[in-house]
>>> print(open('protein04.txt').read())   # compact mmCIF, C-alpha atoms and all ligand atoms
# COMPACT_ATOMS: atom_id res chain seq x y z
CA MET A 1 -17.95 -27.96 -49.61
CA ASP A 2 -14.17 -28.29 -49.87
CA LYS A 3 -13.06 -31.93 -49.23
CA ARG A 4 -10.54 -30.98 -46.58
CA LEU A 5 -13.15 -29.04 -44.56
CA GLN A 6 -15.52 -31.98 -44.91
CA LYS A 7 -12.82 -34.19 -43.34
CA GLU A 8 -12.51 -31.76 -40.43
CA ILE A 9 -16.23 -32.05 -39.79
CA GLU A 10 -16.09 -35.87 -40.05
CA ALA A 11 -13.15 -36.05 -37.61
CA PHE A 12 -14.99 -34.23 -34.83
CA LYS A 13 -18.51 -35.50 -35.39
CA ASP A 14 -18.09 -38.26 -32.84
CA VAL A 15 -18.61 -36.37 -29.58
CA GLU A 16 -17.40 -39.34 -27.50
CA SER A 17 -13.94 -39.49 -29.08
CA TYR A 18 -13.74 -35.67 -28.88
CA ALA A 19 -14.50 -35.96 -25.14
CA GLU A 20 -11.86 -38.69 -24.80
CA LEU A 21 -9.25 -36.39 -26.39
CA MET A 22 -10.24 -33.54 -24.08
CA ALA A 23 -10.01 -35.77 -20.99
CA ARG A 24 -6.36 -36.77 -21.54
CA PRO A 25 -3.99 -35.48 -18.81
CA TYR A 26 -1.92 -33.57 -21.39
CA THR A 27 -5.03 -31.79 -22.70
CA ARG A 28 -6.24 -31.10 -19.16
CA ALA A 29 -2.89 -29.51 -18.25
CA LEU A 30 -2.94 -27.21 -21.26
CA LYS A 31 -6.60 -26.30 -20.76
CA GLU A 32 -5.99 -25.46 -17.09
CA GLU A 33 -3.06 -23.22 -18.02
CA THR A 34 -5.14 -21.65 -20.82
CA HIS A 35 -7.95 -20.93 -18.37
CA ARG A 36 -5.47 -19.45 -15.88
CA ARG A 37 -3.99 -17.16 -18.55
CA MET A 38 -7.43 -16.11 -19.75
CA THR A 39 -8.39 -14.96 -16.25
CA GLU A 40 -5.81 -12.20 -16.81
CA PHE A 41 -7.94 -10.72 -19.63
CA THR A 42 -10.78 -8.31 -19.01
CA PHE A 43 -13.77 -9.86 -20.76
CA ASP A 44 -16.39 -7.76 -18.97
CA ARG A 45 -18.44 -5.66 -21.43
CA MET A 46 -16.30 -6.95 -24.32
CA ARG A 47 -17.33 -8.55 -27.61
CA ILE A 48 -15.73 -11.96 -27.80
CA LEU A 49 -15.43 -14.51 -30.60
CA GLU A 50 -14.16 -18.05 -30.03
CA VAL A 51 -13.25 -19.57 -33.39
CA GLY A 52 -13.41 -23.38 -33.62
CA ALA A 53 -14.86 -23.36 -30.11
CA GLY A 54 -15.98 -27.00 -30.20
CA ILE A 55 -17.53 -27.43 -26.74
CA THR A 56 -16.15 -24.34 -25.01
CA GLU A 57 -14.67 -24.69 -21.55
CA PHE A 58 -14.34 -20.95 -20.90
CA GLU A 59 -17.95 -19.78 -20.54
CA ASP A 60 -17.44 -18.93 -16.86
CA LEU A 61 -14.92 -16.24 -17.92
CA TYR A 62 -17.33 -14.65 -20.40
CA LYS A 63 -20.32 -14.23 -18.11
CA ASN A 64 -20.20 -10.40 -18.01
CA SER A 65 -19.24 -9.86 -21.65
CA ALA A 66 -21.27 -7.65 -24.01
CA LEU A 67 -21.36 -10.40 -26.65
CA ILE A 68 -20.07 -13.93 -26.74
CA CYS A 69 -20.04 -15.63 -30.09
CA LEU A 70 -19.03 -19.31 -30.33
CA SER A 71 -18.24 -20.41 -33.86
CA ASP A 72 -17.22 -23.74 -35.36
CA ILE A 73 -17.43 -25.54 -38.65
CA ASN A 74 -19.04 -28.48 -36.89
CA PHE A 75 -22.74 -28.01 -36.12
CA LYS A 76 -22.90 -31.12 -33.93
CA LEU A 77 -20.12 -30.02 -31.58
CA LEU A 78 -21.36 -26.45 -31.47
CA SER A 79 -24.85 -27.55 -30.51
CA GLU A 80 -23.37 -29.23 -27.40
CA ASN A 81 -23.02 -25.64 -26.09
CA ARG A 82 -26.80 -25.19 -26.14
CA ASP A 83 -27.11 -24.54 -22.38
CA LYS A 84 -24.44 -21.84 -22.46
CA ALA A 85 -25.00 -18.13 -22.98
CA GLY A 86 -24.20 -16.40 -26.26
CA VAL A 87 -24.63 -16.73 -29.99
CA ARG A 88 -23.52 -19.81 -31.93
CA ILE A 89 -22.52 -19.59 -35.56
CA VAL A 90 -21.56 -22.45 -37.87
CA CYS A 91 -18.84 -21.10 -40.18
CA ASP A 92 -15.38 -21.71 -41.54
CA GLY A 93 -12.76 -19.86 -39.48
CA GLN A 94 -10.97 -18.93 -42.71
CA ASN A 95 -14.01 -16.95 -43.95
CA LEU A 96 -15.62 -15.26 -40.99
CA PRO A 97 -19.03 -13.67 -41.64
CA PHE A 98 -18.35 -10.53 -39.61
CA LYS A 99 -17.69 -6.90 -40.45
CA ASP A 100 -14.22 -5.36 -39.95
CA GLU A 101 -13.34 -4.43 -36.36
CA THR A 102 -16.28 -6.21 -34.71
CA PHE A 103 -14.59 -7.95 -31.76
CA ASP A 104 -12.48 -7.03 -28.73
CA TYR A 105 -11.22 -10.62 -28.43
CA VAL A 106 -10.72 -13.28 -31.10
CA ILE A 107 -9.77 -16.58 -29.47
CA PHE A 108 -8.39 -19.73 -31.08
CA ILE A 109 -7.81 -22.74 -28.82
CA GLY A 110 -6.44 -25.75 -30.68
CA VAL A 111 -8.03 -24.79 -33.99
CA LEU A 112 -5.63 -22.95 -36.33
CA HIS A 113 -3.64 -26.14 -36.83
CA HIS A 114 -6.75 -27.61 -38.49
CA PHE A 115 -7.01 -24.88 -41.13
CA PRO A 116 -5.91 -25.71 -44.69
CA ASP A 117 -4.76 -22.08 -44.92
CA GLN A 118 -3.65 -20.76 -41.52
CA GLU A 119 -2.62 -17.43 -42.98
CA LYS A 120 -6.17 -16.86 -44.22
CA GLY A 121 -7.60 -17.57 -40.76
CA LEU A 122 -5.06 -15.23 -39.15
CA ALA A 123 -5.84 -12.48 -41.66
CA GLU A 124 -9.53 -12.87 -40.84
CA ALA A 125 -8.77 -12.48 -37.12
CA SER A 126 -6.74 -9.35 -37.84
CA ARG A 127 -9.56 -7.93 -39.96
CA ILE A 128 -12.37 -8.43 -37.44
CA MET A 129 -10.39 -7.29 -34.36
CA LYS A 130 -11.00 -3.76 -33.11
CA VAL A 131 -8.01 -1.45 -32.64
CA GLY A 132 -6.94 -2.11 -29.05
CA GLY A 133 -8.47 -5.58 -29.32
CA ARG A 134 -6.67 -8.85 -28.68
CA SER A 135 -6.26 -12.23 -30.21
CA PHE A 136 -5.25 -15.19 -28.06
CA MET A 137 -4.06 -18.45 -29.62
CA VAL A 138 -3.17 -21.75 -28.00
CA GLU A 139 -1.85 -24.27 -30.49
CA PRO A 140 0.57 -27.18 -30.92
CA HIS A 141 4.06 -25.78 -31.36
CA ARG A 142 5.99 -26.94 -34.41
CA LEU A 143 9.52 -26.31 -33.06
CA SER A 144 9.22 -29.05 -30.45
CA ILE A 145 8.98 -32.83 -30.16
CA ASN A 146 5.60 -32.39 -31.91
CA TYR A 147 7.37 -32.17 -35.25
CA PHE A 148 8.78 -35.70 -34.89
CA TYR A 149 5.32 -37.01 -34.02
CA TYR A 150 3.95 -35.15 -37.05
CA LEU A 151 6.53 -36.79 -39.35
CA GLY A 152 5.81 -40.17 -37.74
CA ARG A 153 2.08 -39.67 -38.34
CA ARG A 154 2.67 -38.83 -42.01
CA LEU A 155 4.77 -41.99 -42.37
CA PHE A 156 2.17 -44.18 -40.63
CA LEU A 157 -0.59 -42.66 -42.78
CA PHE A 158 1.43 -43.44 -45.89
CA LEU A 159 2.28 -47.00 -44.81
CA PHE A 160 -0.90 -48.13 -43.03
CA GLY A 161 -3.67 -45.69 -43.97
CA GLU A 162 -6.14 -43.51 -42.12
CA LYS A 163 -8.19 -46.22 -40.39
CA PHE A 164 -5.15 -47.66 -38.68
CA VAL A 165 -3.83 -44.26 -37.56
CA LYS A 166 -7.27 -43.31 -36.25
CA LYS A 167 -7.30 -46.48 -34.12
CA LEU A 168 -3.87 -45.55 -32.81
CA ILE A 169 -4.50 -41.86 -32.11
CA GLY A 170 -8.27 -41.47 -31.70
CA CYS A 171 -9.67 -38.06 -32.63
CA PHE A 172 -7.42 -36.46 -35.28
CA THR A 173 -7.48 -35.15 -38.83
CA PRO A 174 -4.96 -36.43 -41.38
CA ASP A 175 -3.95 -32.97 -42.61
CA GLU A 176 -3.53 -31.14 -39.33
CA VAL A 177 -0.16 -29.45 -38.96
CA GLN A 178 1.18 -27.30 -36.10
CA LEU A 179 0.87 -23.51 -35.94
CA ASP A 180 2.94 -21.59 -38.47
CA VAL A 181 4.52 -18.95 -36.20
CA ARG A 182 6.08 -17.15 -39.16
CA ALA A 183 2.60 -16.66 -40.64
CA VAL A 184 1.44 -15.19 -37.31
CA LYS A 185 4.30 -12.67 -37.49
CA ARG A 186 3.69 -11.89 -41.16
CA ILE A 187 0.03 -11.14 -40.58
CA PHE A 188 0.15 -9.28 -37.27
CA ARG A 189 3.51 -7.51 -37.14
CA PRO A 190 2.44 -4.54 -39.31
CA THR A 191 -0.43 -3.63 -36.97
CA SER A 192 0.05 -5.38 -33.67
CA GLU A 193 2.24 -6.29 -30.74
CA ILE A 194 2.88 -10.04 -30.44
CA LYS A 195 3.99 -12.00 -27.38
CA ILE A 196 4.83 -15.67 -27.65
CA ASN A 197 5.73 -18.33 -25.10
CA THR A 198 5.48 -22.07 -24.76
CA MET A 199 4.85 -24.78 -22.16
CA LEU A 200 4.68 -28.57 -21.76
CA SER A 201 8.20 -29.22 -23.02
CA PHE A 202 7.67 -32.97 -23.14
CA ARG A 203 4.82 -34.89 -24.67
CA LEU A 204 4.27 -38.62 -25.09
CA PRO A 205 3.21 -39.67 -28.60
CA PRO A 206 -0.52 -38.81 -28.80
CA PHE A 207 -1.59 -42.48 -28.88
CA ARG A 208 -4.80 -43.71 -27.24
CA LEU A 209 -2.58 -46.20 -25.44
CA PHE A 210 -1.22 -43.30 -23.36
CA LYS A 211 -4.59 -41.63 -22.83
CA LYS A 212 -4.32 -41.84 -19.04
CA ALA A 213 -0.54 -41.38 -18.78
CA THR A 214 0.64 -38.42 -16.72
CA LEU A 215 4.38 -38.91 -17.27
CA ASP A 216 4.63 -36.11 -19.87
CA VAL A 217 2.82 -33.61 -17.65
CA ARG A 218 4.99 -34.49 -14.66
CA LEU A 219 8.24 -34.31 -16.65
CA SER A 220 7.14 -31.00 -18.21
CA GLN A 221 6.47 -29.51 -14.78
CA PHE A 222 10.18 -29.93 -14.12
CA PHE A 223 11.68 -29.19 -17.57
CA ASP A 224 9.45 -26.16 -18.31
CA ARG A 225 11.61 -24.21 -15.86
CA VAL A 226 14.90 -25.12 -17.55
CA PHE A 227 16.47 -23.45 -20.60
CA PRO A 228 16.23 -24.40 -23.51
CA PHE A 229 13.22 -26.66 -22.75
CA ASN A 230 11.11 -23.64 -21.76
CA LYS A 231 11.53 -22.36 -25.35
CA ILE A 232 10.53 -25.59 -27.09
CA GLY A 233 7.29 -26.44 -25.32
CA THR A 234 4.77 -28.52 -27.26
CA THR A 235 2.04 -25.92 -26.68
CA ILE A 236 2.50 -22.35 -27.88
CA PHE A 237 0.59 -19.34 -26.53
CA VAL A 238 0.33 -16.29 -28.76
CA ASN A 239 -0.95 -12.97 -27.43
CA VAL A 240 -1.68 -10.27 -29.98
CA ILE A 241 -2.73 -6.68 -29.24
CA LYS A 242 -3.84 -4.61 -32.23
CA LYS A 243 -2.30 -1.14 -32.10
CA GLN A 244 -3.54 0.39 -35.35
C1 LIG B 301 -9.09 -29.84 -31.29
S1 LIG B 301 -10.70 -29.16 -31.45
C2 LIG B 301 -10.59 -27.80 -30.32
C3 LIG B 301 -11.92 -27.37 -29.78
C4 LIG B 301 -11.89 -26.29 -28.68
N1 LIG B 301 -11.43 -25.01 -29.20
C5 LIG B 301 -11.06 -26.76 -27.52
O1 LIG B 301 -9.89 -26.40 -27.38
O2 LIG B 301 -11.56 -27.56 -26.75
C6 LIG B 301 -10.64 -28.36 -33.03
C7 LIG B 301 -11.92 -27.64 -33.37
O3 LIG B 301 -11.72 -26.87 -34.56
C8 LIG B 301 -12.84 -26.99 -35.38
N2 LIG B 301 -12.45 -26.67 -36.76
C9 LIG B 301 -11.67 -27.38 -37.60
N3 LIG B 301 -11.55 -26.75 -38.78
C10 LIG B 301 -12.26 -25.60 -38.68
C11 LIG B 301 -12.51 -24.51 -39.59
N4 LIG B 301 -12.00 -24.48 -40.82
N5 LIG B 301 -13.28 -23.50 -39.14
C12 LIG B 301 -13.80 -23.50 -37.89
N6 LIG B 301 -13.61 -24.50 -37.01
C13 LIG B 301 -12.84 -25.54 -37.40
C14 LIG B 301 -13.30 -28.43 -35.18
O4 LIG B 301 -14.62 -28.63 -35.59
C15 LIG B 301 -13.08 -28.57 -33.67
O5 LIG B 301 -14.19 -28.14 -32.95
>>> encode(input="protein04.txt", output="structure tokens", more="lines below")
Ligand SMILES: C[S@@+](CC[C@H](N)C(=O)[O-])C[C@H]1O[C@@H](n2cnc3c(N)ncnc32)[C@H](O)[C@@H]1O
Amino acid sequence: MDKRLQKEIEAFKDVESYAELMARPYTRALKEETHRRMTEFTFDRMRILEVGAGITEFEDLYKNSALICLSDINFKLLSENRDKAGVRIVCDGQNLPFKDETFDYVIFIGVLHHFPDQEKGLAEASRIMKVGGRSFMVEPHRLSINYFYYLGRRLFLFLFGEKFVKKLIGCFTPDEVQLDVRAVKRIFRPTSEIKINTMLSFRLPPFRLFKKATLDVRLSQFFDRVFPFNKIGTTIFVNVIKKQ
């Protein structure tokens, strides 16, 4: 297997540090908002694919679906979903083993930014979505304070190496980079309608030291209502509806 994909599997094989990342107030705020937005979709009798599902937190929304398929490159994480309904498939999100136009919903929560080739993953989503189907993406937004943290992380990796940065950040992969919004537009514009918005305008550096800090969530609750901060949120939501 490709070395970069191997690193992705390594990074998330420790379920405890994955759980620690998911428990941070910033992550909780974005997951709660994601859940709220997903309640607006009609999943009943639909065929749904969650790509890079890890341990899904959305199974309650899928309970009346025709098919729920949870996929991830990491067998260990995926098997943590064993008590949940649906099919589980270990696969790379950049090469999905499904026929064209199989799904009504293709969902990516915090996963595209782990792909070596985001455009490939997006093209796969476009291929396997039915006409009239949707893709929903929730990812770190590049045009935000995230980009400074990304540059800082690259510098720290260069100066001090991976072990040190892992101690500082916890669960992360060295090559992850925020969502490429231009790639989203390139792939989906010819066939689909795209709606984009952002939230959580402020974020503390993603250090373990701040793992319980709520300052960023509280500040964001205020600034998210103010222009231009509402345009440069650290989390981006992308809604795609395939028209043809
Ligand atoms: C930050 S976690 C997000 C998990 C889950 N979607 C959530 O929001 O809680 C990133 C997930 O993407 C998965 N992943 C990374 N690279 C992948 C790839 N190429 N194909 C499929 N899944 C991948 C990881 O194994 C991990 O489960």
>>> residues_near_ligand(input="protein04.txt", ligand="ligand LIG 301 (chain B)", cutoff="8 Å", atoms="only C-alpha atoms and all ligand atoms", output="number ranges by chain")
A: 5, 8-9, 11-13, 18, 22, 31, 50-57, 71-74, 77-78, 90-94, 108-112, 114-116, 172
>>> atom_distance(input="protein04.txt", atom1="CA of Lys130 in chain A", atom2="CA of Lys242 in chain A")
7.3 Å
>>> closest_residue(input="protein04.txt", among="A:Val177, A:Val106, A:Leu204, A:Leu151", to="Val238 in chain A", atoms="all atoms listed in the file")
A:Val106
>>> atom_distance(input="protein04.txt", atom1="CA of Asp117 in chain A", atom2="CA of His141 in chain A")
16.6 Å
>>> atom_distance(input="protein04.txt", atom1="CA of Ser79 in chain A", atom2="CA of Val15 in chain A")
10.8 Å
>>> residues_around(input="protein04.txt", residues="Arg127 in chain A", least_positions_apart="6", cutoff="10 Å", atoms="only C-alpha atoms", output="ChimeraX atom specification")
/A:96,98-103,121
>>> residues_near_point(input="protein04.txt", point="(12.2, -22.7, -25.0)", cutoff="10 Å", atoms="only C-alpha atoms", output="MDAnalysis selection string")
chainID A and resid 143:144 197:199 201 223:234
>>> residues_around(input="protein04.txt", residues="Arg47 in chain A", least_positions_apart="3", cutoff="12 Å", atoms="only C-alpha atoms", output="list of chain:residue names")
A:Thr42, A:Phe43, A:Asp44, A:Glu50, A:Tyr62, A:Lys63, A:Asn64, A:Ser65, A:Ala66, A:Leu67, A:Ile68, A:Cys69, A:Leu70, A:Gly86, A:Val87, A:Glu101, A:Thr102, A:Phe103, A:Asp104, A:Tyr105, A:Val106, A:Ile107, A:Ile128, A:Met129, A:Lys130, A:Gly133, A:Arg134, A:Ser135
>>> closest_residue(input="protein04.txt", among="A:Leu61, A:Ile187, A:Ile89, A:Leu168", to="Met46 in chain A", atoms="all atoms listed in the file")
A:Leu61
>>> closest_residue(input="protein04.txt", among="A:Lys211, A:Arg24, A:Arg154, A:Arg88", to="Pro174 in chain A", atoms="all atoms listed in the file")
A:Arg154
>>> axis_aligned_box(input="protein04.txt", around="range 211-214 of chain A", padding_each_side="4 Å", output="JSON")
{"center_x": -2.0, "center_y": -40.1, "center_z": -19.8, "size_x": 13.2, "size_y": 11.4, "size_z": 14.1}
>>> closest_residue(input="protein04.txt", among="A:Leu155, A:Ile194, A:Ala213, A:Leu179", to="Ala23 in chain A", atoms="only C-alpha atoms")
A:Ala213
>>> closest_residue(input="protein04.txt", among="A:Glu119, A:Asp83, A:Glu124, A:Asp14", to="Leu49 in chain A", atoms="all atoms listed in the file")
A:Glu124
>>> closest_residue(input="protein04.txt", among="A:Val240, A:Val181, A:Ile48, A:Leu157", to="Arg142 in chain A", atoms="only C-alpha atoms")
A:Val181
>>> build_atoms(input="protein04.txt", residues="range 71-102 of chain A", atoms="N, CA and C atoms", output="mmCIF file, keeping the file's coordinate frame")
data_model
loop_
_atom_site.group_PDB
_atom_site.id
_atom_site.type_symbol
_atom_site.label_atom_id
_atom_site.label_comp_id
_atom_site.auth_asym_id
_atom_site.auth_seq_id
_atom_site.Cartn_x
_atom_site.Cartn_y
_atom_site.Cartn_z
ATOM 1 N N SER A 71 -18.100 -19.972 -32.468
ATOM 2 C CA SER A 71 -18.240 -20.410 -33.860
ATOM 3 C C SER A 71 -17.451 -21.694 -34.072
ATOM 4 N N ASP A 72 -17.923 -22.498 -35.000
ATOM 5 C CA ASP A 72 -17.220 -23.740 -35.360
ATOM 6 C C ASP A 72 -17.765 -24.203 -36.700
ATOM 7 N N ILE A 73 -16.966 -25.002 -37.370
ATOM 8 C CA ILE A 73 -17.430 -25.540 -38.650
ATOM 9 C C ILE A 73 -18.351 -26.740 -38.433
ATOM 10 N N ASN A 74 -18.317 -27.257 -37.194
ATOM 11 C CA ASN A 74 -19.040 -28.480 -36.890
ATOM 12 C C ASN A 74 -20.307 -28.169 -36.086
ATOM 13 N N PHE A 75 -21.451 -28.321 -36.747
ATOM 14 C CA PHE A 75 -22.740 -28.010 -36.120
ATOM 15 C C PHE A 75 -22.969 -28.877 -34.881
ATOM 16 N N LYS A 76 -22.606 -30.172 -34.999
ATOM 17 C CA LYS A 76 -22.900 -31.120 -33.930
ATOM 18 C C LYS A 76 -22.175 -30.721 -32.635
ATOM 19 N N LEU A 77 -20.887 -30.422 -32.770
ATOM 20 C CA LEU A 77 -20.120 -30.020 -31.580
ATOM 21 C C LEU A 77 -20.660 -28.709 -31.010
ATOM 22 N N LEU A 78 -20.900 -27.770 -31.897
ATOM 23 C CA LEU A 78 -21.360 -26.450 -31.470
ATOM 24 C C LEU A 78 -22.677 -26.545 -30.718
ATOM 25 N N SER A 79 -23.538 -27.462 -31.162
ATOM 26 C CA SER A 79 -24.850 -27.550 -30.510
ATOM 27 C C SER A 79 -24.727 -28.149 -29.100
ATOM 28 N N GLU A 80 -23.598 -28.754 -28.779
ATOM 29 C CA GLU A 80 -23.370 -29.230 -27.400
ATOM 30 C C GLU A 80 -23.252 -28.061 -26.415
ATOM 31 N N ASN A 81 -23.099 -26.839 -26.952
ATOM 32 C CA ASN A 81 -23.020 -25.640 -26.090
ATOM 33 C C ASN A 81 -24.395 -25.047 -25.812
ATOM 34 N N ARG A 82 -25.456 -25.810 -26.124
ATOM 35 C CA ARG A 82 -26.800 -25.190 -26.140
ATOM 36 C C ARG A 82 -27.218 -24.568 -24.810
ATOM 37 N N ASP A 83 -26.699 -25.102 -23.677
ATOM 38 C CA ASP A 83 -27.110 -24.540 -22.380
ATOM 39 C C ASP A 83 -26.295 -23.318 -21.988
ATOM 40 N N LYS A 84 -25.328 -22.963 -22.828
ATOM 41 C CA LYS A 84 -24.440 -21.840 -22.460
ATOM 42 C C LYS A 84 -24.944 -20.546 -23.089
ATOM 43 N N ALA A 85 -24.542 -19.432 -22.469
ATOM 44 C CA ALA A 85 -25.000 -18.130 -22.980
ATOM 45 C C ALA A 85 -24.303 -17.812 -24.294
ATOM 46 N N GLY A 86 -24.870 -16.901 -25.063
ATOM 47 C CA GLY A 86 -24.200 -16.400 -26.260
ATOM 48 C C GLY A 86 -24.814 -16.871 -27.562
ATOM 49 N N VAL A 87 -24.163 -16.434 -28.637
ATOM 50 C CA VAL A 87 -24.630 -16.730 -29.990
ATOM 51 C C VAL A 87 -23.750 -17.844 -30.543
ATOM 52 N N ARG A 88 -24.324 -18.748 -31.315
ATOM 53 C CA ARG A 88 -23.520 -19.810 -31.930
ATOM 54 C C ARG A 88 -23.644 -19.714 -33.444
ATOM 55 N N ILE A 89 -22.500 -19.743 -34.102
ATOM 56 C CA ILE A 89 -22.520 -19.590 -35.560
ATOM 57 C C ILE A 89 -21.681 -20.685 -36.211
ATOM 58 N N VAL A 90 -22.296 -21.425 -37.127
ATOM 59 C CA VAL A 90 -21.560 -22.450 -37.870
ATOM 60 C C VAL A 90 -20.887 -21.760 -39.059
ATOM 61 N N CYS A 91 -19.555 -21.726 -39.056
ATOM 62 C CA CYS A 91 -18.840 -21.100 -40.180
ATOM 63 C C CYS A 91 -17.396 -21.583 -40.208
ATOM 64 N N ASP A 92 -16.788 -21.381 -41.352
ATOM 65 C CA ASP A 92 -15.380 -21.710 -41.540
ATOM 66 C C ASP A 92 -14.533 -20.562 -40.969
ATOM 67 N N GLY A 93 -13.597 -20.878 -40.099
ATOM 68 C CA GLY A 93 -12.760 -19.860 -39.480
ATOM 69 C C GLY A 93 -11.869 -19.117 -40.463
ATOM 70 N N GLN A 94 -11.787 -19.619 -41.694
ATOM 71 C CA GLN A 94 -10.970 -18.930 -42.710
ATOM 72 C C GLN A 94 -11.785 -17.906 -43.486
ATOM 73 N N ASN A 95 -13.105 -17.919 -43.289
ATOM 74 C CA ASN A 95 -14.010 -16.950 -43.950
ATOM 75 C C ASN A 95 -15.050 -16.535 -42.929
ATOM 76 N N LEU A 96 -14.710 -15.584 -42.093
ATOM 77 C CA LEU A 96 -15.620 -15.260 -40.990
ATOM 78 C C LEU A 96 -16.671 -14.242 -41.433
ATOM 79 N N PRO A 97 -17.952 -14.532 -41.134
ATOM 80 C CA PRO A 97 -19.030 -13.670 -41.640
ATOM 81 C C PRO A 97 -19.277 -12.452 -40.747
ATOM 82 N N PHE A 98 -18.221 -11.702 -40.463
ATOM 83 C CA PHE A 98 -18.350 -10.530 -39.610
ATOM 84 C C PHE A 98 -17.719 -9.320 -40.278
ATOM 85 N N LYS A 99 -18.241 -8.148 -39.912
ATOM 86 C CA LYS A 99 -17.690 -6.900 -40.450
ATOM 87 C C LYS A 99 -16.313 -6.627 -39.828
ATOM 88 N N ASP A 100 -15.531 -5.767 -40.477
ATOM 89 C CA ASP A 100 -14.220 -5.360 -39.950
ATOM 90 C C ASP A 100 -14.400 -4.780 -38.544
ATOM 91 N N GLU A 101 -13.413 -5.029 -37.702
ATOM 92 C CA GLU A 101 -13.340 -4.430 -36.360
ATOM 93 C C GLU A 101 -14.609 -4.634 -35.529
ATOM 94 N N THR A 102 -15.061 -5.891 -35.471
ATOM 95 C CA THR A 102 -16.280 -6.210 -34.710
ATOM 96 C C THR A 102 -15.970 -6.617 -33.271
#
